[in-house]
Structure formats: C-alpha cells, structure tokens
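Novice: Sharing a structure below in structure tokens format, with a few things to ask.
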Amino acid sequence: MNKNFKGIFIDSNIFVSYSKKDNNHNECKKFIDKIVKDFSKKKNLRFFVSRFSGVETASALRRKKSRKDAEAFLFKKESAWENIFIPIPPNPKEKFKIGDFIKELIEIALKFGTDFSDTLQTHSIETYKDQIDIVVTEDKDFKNRLQKRYKRIKIYLLKDDIYKILSNLNKNEN
C-alpha cells in the first residue's frame, strides 16, 4: 500500500491522563496540545485513535467528576479535536456484525494477552495496521506486547522524546 502520510496511533491512556487535573499528567497534556497546535497542521502526519477512547475517558472522568462536568469536558474536547484525531474504525454505520467483532476481540485478547481496554486498542491497531506507522502509549507492558507482534510499526512511550521523533518525521517528509 502506497500512502503519503505517516499514521500515528494514540493510545487511549494518553487521553485518560489528559483529562485528569493533577500535575502528574502534564506530559500527556503537553503532548496532546502540541499535536493540536503544531503537528496536526502537517499534511504528512495523521493521528488515529480508537473509537473506544472516548468511552475510556468518559469512564475515568465519571469516576472523579459529576456527570455534568464529565459531559462538558468531553463535549468541549470532542468538538475541538474532531478534525485532528481520526477515529478507527471510521464509520460505525458500515456493515458490522457484533458476533464477528466479539470473536475478533477474543482472538486478540488470547493472542496478545491484553486486558479489555488494551484489547480494544489492539483491535484498532490490528485492523488498521497498514495505515499505522507509530503507536504512542504510556503503558510499558502494552508497548512490550505490541513490539513482540509488530515489526514494521514503531511503538513508543510518551517519555521516549516523542516530540523529536515526530519533528524528524515531519522534516523527512517535506
């Protein structure tokens, strides 16, 4: 497949951390803000997220905030990020059989040894692996599991100087 972009998949744990108010998650906030302000303007970079990332973020928010506050955060971010982060699978209205989807999730959980959240993320990566070149996560175990299965896709932790990596990608593609 010949494509004219580098696909970067953002693990949902980065969005969950972004939604938290404490200072322990400043790196996630900085990363997402940098994508929104700078990297999203680069035509050779596309940022993918699992369609289920919103569910994980909503769940994490709801445990800490009122429903009203959680909805306000999600609505604000969803509208601001709408054209930056491409959800995969892209269209929930496409032909879809729930039984096949569940079977695929079971197969991925068994193949990768993932919990439910990581199984959903891995399903997105596995299904769209031809479009994804890089995965960014905060979860070291998830990174290690993915690295064992994917040779072409580069897996990075957020702390792996991801800004430099993305900047170099952009320089190499212009």
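So you can find residues: chains in the structure tokens are A, B, ... in the order shown, residues in each start at 1, and ligands are numbered from 1 in order.
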List every residue of chain A that DSSP, applied to the backbone, labels as helix (DSSP H, G or I), and write the result as an MDAnalysis selection string.
Specialist: chainID A and resid 12:18 23:37 39:41 53:64 67:81 98:112 116:127 140:149 162:173
Novice: Contacts of stretch 114-129 of chain A at 6 Å or less, counting only C-alpha atoms, minus same-chain residues fewer than 3 places along, as a list in words?
Specialist: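 Listing them by chain and then by number gives Ser50, Ala109 and Ile132 of chain A.
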Novice: Could the residues in this selection be saved with N, CA and C atoms as a CSV table (one decimal), in the first residue's frame?
Specialist:
```csv
chain,number,residue,atom,x,y,z
A,50,SER,N,-8.6,5.0,18.8
A,50,SER,CA,-9.6,4.0,18.8
A,50,SER,C,-11.0,4.7,19.0
A,109,ALA,N,-7.4,-10.8,22.5
A,109,ALA,CA,-7.1,-11.0,23.9
A,109,ALA,C,-6.2,-12.2,24.1
A,132,ILE,N,-1.0,2.5,10.1
A,132,ILE,CA,-0.3,2.9,11.3
A,132,ILE,C,1.2,2.6,11.2
```
Novice: From the DSSP assignment of the backbone, select every residue of stretch 98-154 of chain A that is strand (DSSP E or B), and format the answer as an MDAnalysis selection string.
Specialist: chainID A and resid 134:137 154
Novice: Which one is closest to A:Gly7: A:Asp139, A:Asp160, A:Asp133, A:Asp33? Count only C-alpha atoms.
Specialist: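 The closest residue to A:Gly7 is A:Asp133.
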Novice: Counting only C-alpha atoms, which residue out of A:Lys34, A:Arg149, A:Lys77, A:Lys43 sits closest to A:Gly113?
Specialist: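 Under the stated criterion, the closest residue is A:Arg149.
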Novice: Need to verify the contact set: stretch 35-42 of chain A, 9 Å, only C-alpha atoms, exclusion of same-chain residues closer than 6 positions in sequence. Can you return it as a list in words?
Specialist: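 Surrounding residues, per the criterion: Ala80, Trp81, Asn83, Ile84, Phe85, Leu166, Ser167 and Asn170 of chain A.
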Novice: State, in Å with one decimal place, the distance from atom CA of A:Tyr156 to atom CA of A:Val49.
Specialist: 15.1 Å
